[in-house]
Amino acid sequence: MCKLNSNHHIKLNQDAHDLEHKKWNRRSFLQALGLAGAGTMMVGGMPLSASSNSKLAAAISSSETDRVLIIIRLKGGNDGLNTIVPVYDYDTYASYRPTVRQHLDQVTLLGADFGMPNYMNDLLNLWDNGAMKVVHGVGYEDSSQSHFAGSDIWASTDPDNSTQSGWLGRHFEELYPEYLINPPSIPAAVQIGSVGNLIFDGPSTNYAFSVANPNQLEAVAENGTVHDMSNFPECIYGEQLEFMRGTTNTTYQYAGTIHDAYTEGSNSFEYADSDLGQQLSIVARLIKGNLGSKVYMVTLGSFDTHANQLNDHKALLTDLANSIKIFYDDLAAAGLDDKVLSMTISEFGRRVNENGSNGTDHGTAAPLMLFGPAIQGNGFVSQHPDLNNLDEDGNLNHTQDFREVYATIMQEWLCIDSNLVDEALLNQNFVRVDLGFNCDTLSVNDFNQNRFKHFVVYTDQDTIIKIKNPYTQHMVIKLFDIMGKEITTLKNEMVFAGDHSLSLKKTLRNKLSIGQYIYRISVGNQNYSKSLIIR
C-alpha cells in the first residue's frame, strides 16, 4: 500500500486522472460504472454544452400536466396469444398449440370473445372498474424478429432501424436544448433496467436517470448519492476510487432530488419481492413524494419463451398482474391513481405455432395493455389479427401500428403539442387512436381542483389567458417572443384567490403583430410557461 505523501506521486496521479478524463466520453464513463443517463459532465472545469438556444423558446409547448406515464417493457418478446386468449376462435388457436395453449377452463373471460389466464386475475379489479384496455395486434410492417433490432425499432419508431435516438429522447431534446449546461430541476425520465434501450436517447444525450436494477435506484434514493464517499484506502487506488466515485456523484446531480422524493413518499401496500414488484414500489414512492418526473420505464423479463413456456410465462404474467394491482392500490390510497397511465411494450410477439420444445419462437404482432382509471372504461381497441390469415412465415398480421399508440399517448396523455408529436415520431403524422382519454379533459376538468392552473382560450377576436389561483399571492405575467426575448409585462400585482381572465386584446391594445408568443407566469417560487397565438 502506498501513501500519497509525495507531491511527485500526486502530480503523476493527477496527470493520469486528466489523461483518463480526456479519453472518457460521458456515456462510456457512466456505462463503465454500470450506470447511464442524466446529469452535467464537467470537462476541463467547464460544463459541456450542446446548444445555446433559449430553453424558454424550446419549451413553448411544454405541458404543465401532472400526469405520469409508466412504460412497462416486457423484455424478450411476449406471447400475446397466451396473454389475451382469442376465445371467439378457440379451436383454431388450440390447433396451433396442442401443448402450450391456455386451457379454456383456466381462462377468465373479459367479455364474450377474449379472456386471460386465471393466474392474471389480480387484474380483474382494474378491468371490472374500467381501468384496463387491450390494444390488439400491435406491430408494424415487415416486423423484425431480432431482439436487438426489434427493441431499437420500438424505441426509435424507425422500421428501417437506421435512427439511433428514441421517440421520447427526441421530444426531450426539443424541450431541453440546454440540458447539459442547464438541466431541469427534476429528471425528465427515470428508467430501471434496459439501460441500453434507445427510448430516452436524444441526438446528443440520454434524458433518463437510468440504473441497471432496482437495488441501485433504491440505494440512490435512500442515500442521496450513487456511491459512498467515506473510508477510502490511503493509496493511489484509494485516491483514484475517490475521484471516480466523486465524479459519478457529481454527474448524478439528480440523486439528491430523488432521495428527497423517496424520503417524502411511502408505500401503503406491501409489494411482492419480485422483479417488477420492487421496481414499481420505488416508482410509487417517487410519484407520491412529488419527484415530478413525467415518464418512468420499468422492465420485466425474460419473455423469450422458446422452451418451458407454460411455467416461465405463467411466472412472468403472475408477477405482472400482481405488481400492477398493488401499484394502483398504492397510488389510489394517495388519490393519485387517476394521474398515472401504464402501458406494456415488447419488441415482438411469438409465432402462432408452438415449436418442438414446448415453447414458441419469435413472431410479430402482439397485444399492448393499458392500465389506470384515467382510460375511463375497459375494452378492446383495434381488431384482433385473423388466425386464419397468417403471413408467409406463419405469423400474425398486425392490425394496429405501434406508432399510432405512441402518438396518441404523447398528445392526449402527456399533452404534447400535435406538431411536436409528429416531429418526435420522425416527422410523420400518425392517426391518433381512441384510448379513452384526451388532453382537453385534463384542461377543463382539472381546472376546478384546488391548485394553480392556467390555459389559453381563443375567441374570434381575442386571446385570453385563464388562471385559477388557489390563494392570494403576488403574480407576474410576462410575454416573450418565440426566441425567448422579453416583450412586456402583462401583470405584476397581488392577485386574489379565484378564477381570473387576462385579455391580451385589452392589455396590449393591439400593439403586437399576429403570431406565436410565449407567456410565463411567476407565482411564489414557481414559473409556468406556455405558448399562445395572438390573432
# chains A, B, ... in the order shown; residues from 1 in each chain; ligands from 1

call {"tool": "residues_around", "arguments": {"residues": "segment 277-288 of chain A", "least_positions_apart": "3", "cutoff": "6 Å", "atoms": "only C-alpha atoms", "output": "VMD selection string"}}
result
chain A and resid 214 261 to 262 265 to 266 271 to 272 274 291 323

call {"tool": "residues_around", "arguments": {"residues": "segment 195-204 of chain A", "least_positions_apart": "4", "cutoff": "8 Å", "atoms": "only C-alpha atoms", "output": "PyMOL selection string"}}
result
chain A and resi 35-36+50+151-152+154-156+164-173+189+191+208+210-212

call {"tool": "write_last_selection", "arguments": {"atoms": "N, CA and C atoms", "output": "CSV table (one decimal), in the first residue's frame"}}
result
chain,number,residue,atom,x,y,z
A,35,LEU,N,-23.8,2.5,-15.0
A,35,LEU,CA,-24.9,3.5,-14.9
A,35,LEU,C,-24.9,4.2,-16.2
A,36,ALA,N,-26.1,4.9,-16.5
A,36,ALA,CA,-26.1,5.7,-17.7
A,36,ALA,C,-27.2,6.7,-17.5
A,50,ALA,N,-24.2,21.6,-25.3
A,50,ALA,CA,-24.7,21.0,-26.6
A,50,ALA,C,-25.4,22.0,-27.4
A,151,SER,N,-36.1,-4.3,-30.5
A,151,SER,CA,-36.2,-3.3,-29.4
A,151,SER,C,-35.8,-1.9,-29.8
A,152,ASP,N,-34.8,-1.8,-30.7
A,152,ASP,CA,-34.4,-0.5,-31.2
A,152,ASP,C,-35.6,0.2,-32.0
A,154,TRP,N,-38.9,-0.3,-31.8
A,154,TRP,CA,-39.9,0.1,-30.9
A,154,TRP,C,-39.5,1.4,-30.1
A,155,ALA,N,-38.2,1.5,-29.9
A,155,ALA,CA,-37.7,2.7,-29.2
A,155,ALA,C,-37.5,3.9,-30.1
A,156,SER,N,-37.0,3.7,-31.4
A,156,SER,CA,-36.7,4.8,-32.3
A,156,SER,C,-37.9,5.1,-33.2
A,164,GLN,N,-30.7,6.3,-34.5
A,164,GLN,CA,-30.1,6.0,-33.2
A,164,GLN,C,-30.6,7.0,-32.1
A,165,SER,N,-31.9,7.2,-32.0
A,165,SER,CA,-32.4,8.0,-31.0
A,165,SER,C,-33.9,7.5,-30.8
A,166,GLY,N,-34.4,7.9,-29.6
A,166,GLY,CA,-35.7,7.4,-29.2
A,166,GLY,C,-36.8,8.4,-29.3
A,167,TRP,N,-38.1,8.0,-29.4
A,167,TRP,CA,-39.2,8.9,-29.6
A,167,TRP,C,-39.3,9.9,-28.4
A,168,LEU,N,-39.1,9.4,-27.2
A,168,LEU,CA,-39.2,10.3,-26.1
A,168,LEU,C,-37.9,11.1,-25.9
A,169,GLY,N,-36.8,10.5,-26.3
A,169,GLY,CA,-35.5,11.3,-26.3
A,169,GLY,C,-35.5,12.4,-27.2
A,170,ARG,N,-36.1,12.3,-28.4
A,170,ARG,CA,-36.2,13.4,-29.4
A,170,ARG,C,-37.1,14.5,-28.9
A,171,HIS,N,-38.2,14.1,-28.2
A,171,HIS,CA,-39.0,15.1,-27.6
A,171,HIS,C,-38.3,15.9,-26.5
A,172,PHE,N,-37.6,15.2,-25.6
A,172,PHE,CA,-36.9,15.9,-24.6
A,172,PHE,C,-35.7,16.8,-25.2
A,173,GLU,N,-35.2,16.4,-26.3
A,173,GLU,CA,-34.1,17.2,-26.9
A,173,GLU,C,-34.7,18.5,-27.3
A,189,ALA,N,-37.0,11.7,-17.1
A,189,ALA,CA,-37.5,10.4,-17.0
A,189,ALA,C,-36.6,9.6,-16.1
A,191,GLN,N,-35.5,5.5,-15.4
A,191,GLN,CA,-35.5,4.2,-16.1
A,191,GLN,C,-34.8,3.2,-15.2
A,208,ALA,N,-32.8,10.1,-19.4
A,208,ALA,CA,-33.3,9.4,-18.3
A,208,ALA,C,-32.3,9.2,-17.2
A,210,SER,N,-31.0,6.6,-15.2
A,210,SER,CA,-31.1,5.2,-15.5
A,210,SER,C,-30.2,4.4,-14.6
A,211,VAL,N,-30.7,3.3,-14.1
A,211,VAL,CA,-30.0,2.4,-13.3
A,211,VAL,C,-30.3,1.0,-13.8
A,212,ALA,N,-29.3,0.1,-13.6
A,212,ALA,CA,-29.5,-1.3,-14.1
A,212,ALA,C,-30.5,-2.1,-13.4

call {"tool": "select_by_dssp", "arguments": {"residues": "segment 114-310 of chain A", "states": "alpha helix (DSSP H)", "output": "PyMOL selection string"}}
result
chain A and resi 124-128+147-156+167-175+214-223+236-251+255-264+275-288+309-310

call {"tool": "residues_around", "arguments": {"residues": "Pro367 of chain A", "least_positions_apart": "3", "cutoff": "12 Å", "atoms": "only C-alpha atoms", "output": "ChimeraX atom specification"}}
result
/A:74,77-86,114,116,133-139,343-350,364,370,380-385,396,398-402,405

call {"tool": "write_last_selection", "arguments": {"atoms": "C-alpha atoms", "output": "short mmCIF file (atom, residue, chain, number, x, y, z; two decimals), in the first residue's frame"}}
result
data_model
loop_
_atom_site.label_atom_id
_atom_site.label_comp_id
_atom_site.auth_asym_id
_atom_site.auth_seq_id
_atom_site.Cartn_x
_atom_site.Cartn_y
_atom_site.Cartn_z
CA LEU A 74 -41.84 -6.97 -21.38
CA GLY A 77 -40.97 -10.81 -26.88
CA ASN A 78 -44.23 -11.52 -25.05
CA ASP A 79 -46.54 -14.24 -26.35
CA GLY A 80 -49.72 -12.26 -26.90
CA LEU A 81 -51.94 -15.23 -27.78
CA ASN A 82 -51.37 -16.78 -24.36
CA THR A 83 -51.79 -13.39 -22.62
CA ILE A 84 -55.09 -12.36 -24.22
CA VAL A 85 -56.70 -15.58 -25.42
CA PRO A 86 -58.92 -15.40 -28.57
CA PHE A 114 -61.45 -12.77 -25.20
CA MET A 116 -56.83 -14.02 -19.88
CA LYS A 133 -57.78 -1.70 -22.01
CA VAL A 134 -56.18 -4.04 -24.53
CA VAL A 135 -54.96 -2.88 -27.93
CA HIS A 136 -54.98 -5.85 -30.31
CA GLY A 137 -52.41 -6.74 -32.95
CA VAL A 138 -49.83 -4.02 -32.27
CA GLY A 139 -46.82 -4.04 -34.57
CA MET A 343 -48.65 0.65 -20.84
CA THR A 344 -46.83 -2.54 -21.77
CA ILE A 345 -44.49 -2.80 -24.73
CA SER A 346 -42.49 -5.73 -26.12
CA GLU A 347 -40.21 -5.97 -29.12
CA PHE A 348 -42.43 -8.55 -30.86
CA GLY A 349 -44.95 -11.30 -30.21
CA ARG A 350 -44.45 -15.03 -30.64
CA THR A 364 -44.70 -10.36 -34.94
CA LEU A 370 -53.08 -0.09 -20.79
CA PHE A 380 -60.54 -3.62 -26.65
CA VAL A 381 -59.01 -1.37 -29.27
CA SER A 382 -58.44 -2.38 -32.91
CA GLN A 383 -59.21 -5.75 -34.49
CA HIS A 384 -57.64 -8.98 -33.35
CA PRO A 385 -55.40 -10.49 -36.06
CA LEU A 396 -49.91 -12.72 -37.28
CA HIS A 398 -50.56 -6.58 -37.35
CA THR A 399 -53.77 -4.57 -37.16
CA GLN A 400 -52.54 -1.57 -35.16
CA ASP A 401 -49.35 0.43 -35.81
CA PHE A 402 -47.48 0.93 -32.53
CA VAL A 405 -50.45 4.39 -29.97
#

call {"tool": "residues_around", "arguments": {"residues": "Ala94 of chain A", "least_positions_apart": "3", "cutoff": "12 Å", "atoms": "only C-alpha atoms", "output": "PyMOL selection string"}}
result
chain A and resi 81-82+85-91+97-104+352-354+387

call {"tool": "select_by_dssp", "arguments": {"residues": "segment 111-356 of chain A", "states": "strand (DSSP E or B)", "output": "count of residues only"}}
result
40

call {"tool": "residues_around", "arguments": {"residues": "Ala407 of chain A", "least_positions_apart": "3", "cutoff": "7 Å", "atoms": "only C-alpha atoms", "output": "list in words"}}
result
Arg403, Glu404, Met410, Gln411, Val421, Phe430 and Arg432 of chain A

call {"tool": "residues_around", "arguments": {"residues": "Gly498 of chain A", "least_positions_apart": "4", "cutoff": "9 Å", "atoms": "only C-alpha atoms", "output": "VMD selection string"}}
result
chain A and resid 467 to 472

call {"tool": "write_last_selection", "arguments": {"atoms": "N, CA and C atoms", "output": "PDB file, in the first residue's frame"}}
result
ATOM      1  N   ILE A 467     -56.786  31.682 -15.610  1.00  0.00           N
ATOM      2  CA  ILE A 467     -55.976  31.316 -14.456  1.00  0.00           C
ATOM      3  C   ILE A 467     -56.881  30.947 -13.290  1.00  0.00           C
ATOM      4  N   LYS A 468     -56.553  29.840 -12.627  1.00  0.00           N
ATOM      5  CA  LYS A 468     -57.183  29.521 -11.349  1.00  0.00           C
ATOM      6  C   LYS A 468     -56.109  29.684 -10.279  1.00  0.00           C
ATOM      7  N   ASN A 469     -56.281  30.660  -9.424  1.00  0.00           N
ATOM      8  CA  ASN A 469     -55.309  30.959  -8.370  1.00  0.00           C
ATOM      9  C   ASN A 469     -55.844  30.403  -7.045  1.00  0.00           C
ATOM     10  N   PRO A 470     -55.166  29.420  -6.445  1.00  0.00           N
ATOM     11  CA  PRO A 470     -55.733  28.768  -5.252  1.00  0.00           C
ATOM     12  C   PRO A 470     -55.734  29.644  -4.008  1.00  0.00           C
ATOM     13  N   TYR A 471     -54.843  30.674  -3.952  1.00  0.00           N
ATOM     14  CA  TYR A 471     -54.826  31.571  -2.788  1.00  0.00           C
ATOM     15  C   TYR A 471     -54.206  32.896  -3.206  1.00  0.00           C
ATOM     16  N   THR A 472     -54.438  33.926  -2.400  1.00  0.00           N
ATOM     17  CA  THR A 472     -53.936  35.257  -2.715  1.00  0.00           C
ATOM     18  C   THR A 472     -52.413  35.259  -2.704  1.00  0.00           C
TER      19      THR A 472
END

call {"tool": "residues_around", "arguments": {"residues": "segment 502-504 of chain A", "least_positions_apart": "6", "cutoff": "6 Å", "atoms": "only C-alpha atoms", "output": "ChimeraX atom specification"}}
result
/A:463-465

call {"tool": "write_last_selection", "arguments": {"atoms": "N, CA and C atoms", "output": "PDB file, in the first residue's frame"}}
result
ATOM      1  N   THR A 463     -57.413  36.631 -27.587  1.00  0.00           N
ATOM      2  CA  THR A 463     -56.689  35.531 -26.946  1.00  0.00           C
ATOM      3  C   THR A 463     -56.715  35.795 -25.444  1.00  0.00           C
ATOM      4  N   ILE A 464     -57.203  34.840 -24.675  1.00  0.00           N
ATOM      5  CA  ILE A 464     -57.425  35.049 -23.250  1.00  0.00           C
ATOM      6  C   ILE A 464     -56.666  34.006 -22.446  1.00  0.00           C
ATOM      7  N   ILE A 465     -55.887  34.450 -21.466  1.00  0.00           N
ATOM      8  CA  ILE A 465     -55.215  33.548 -20.536  1.00  0.00           C
ATOM      9  C   ILE A 465     -56.132  33.342 -19.335  1.00  0.00           C
TER      10      ILE A 465
END

call {"tool": "closest_residue", "arguments": {"among": "A:Ser531, A:Asn125, A:Asn389, A:Asn355", "to": "Asn322 of chain A", "atoms": "only C-alpha atoms"}}
result
A:Asn125

call {"tool": "closest_residue", "arguments": {"among": "A:Asn223, A:Gln428, A:Ser418, A:Ser144", "to": "Thr263 of chain A", "atoms": "only C-alpha atoms"}}
result
A:Asn223
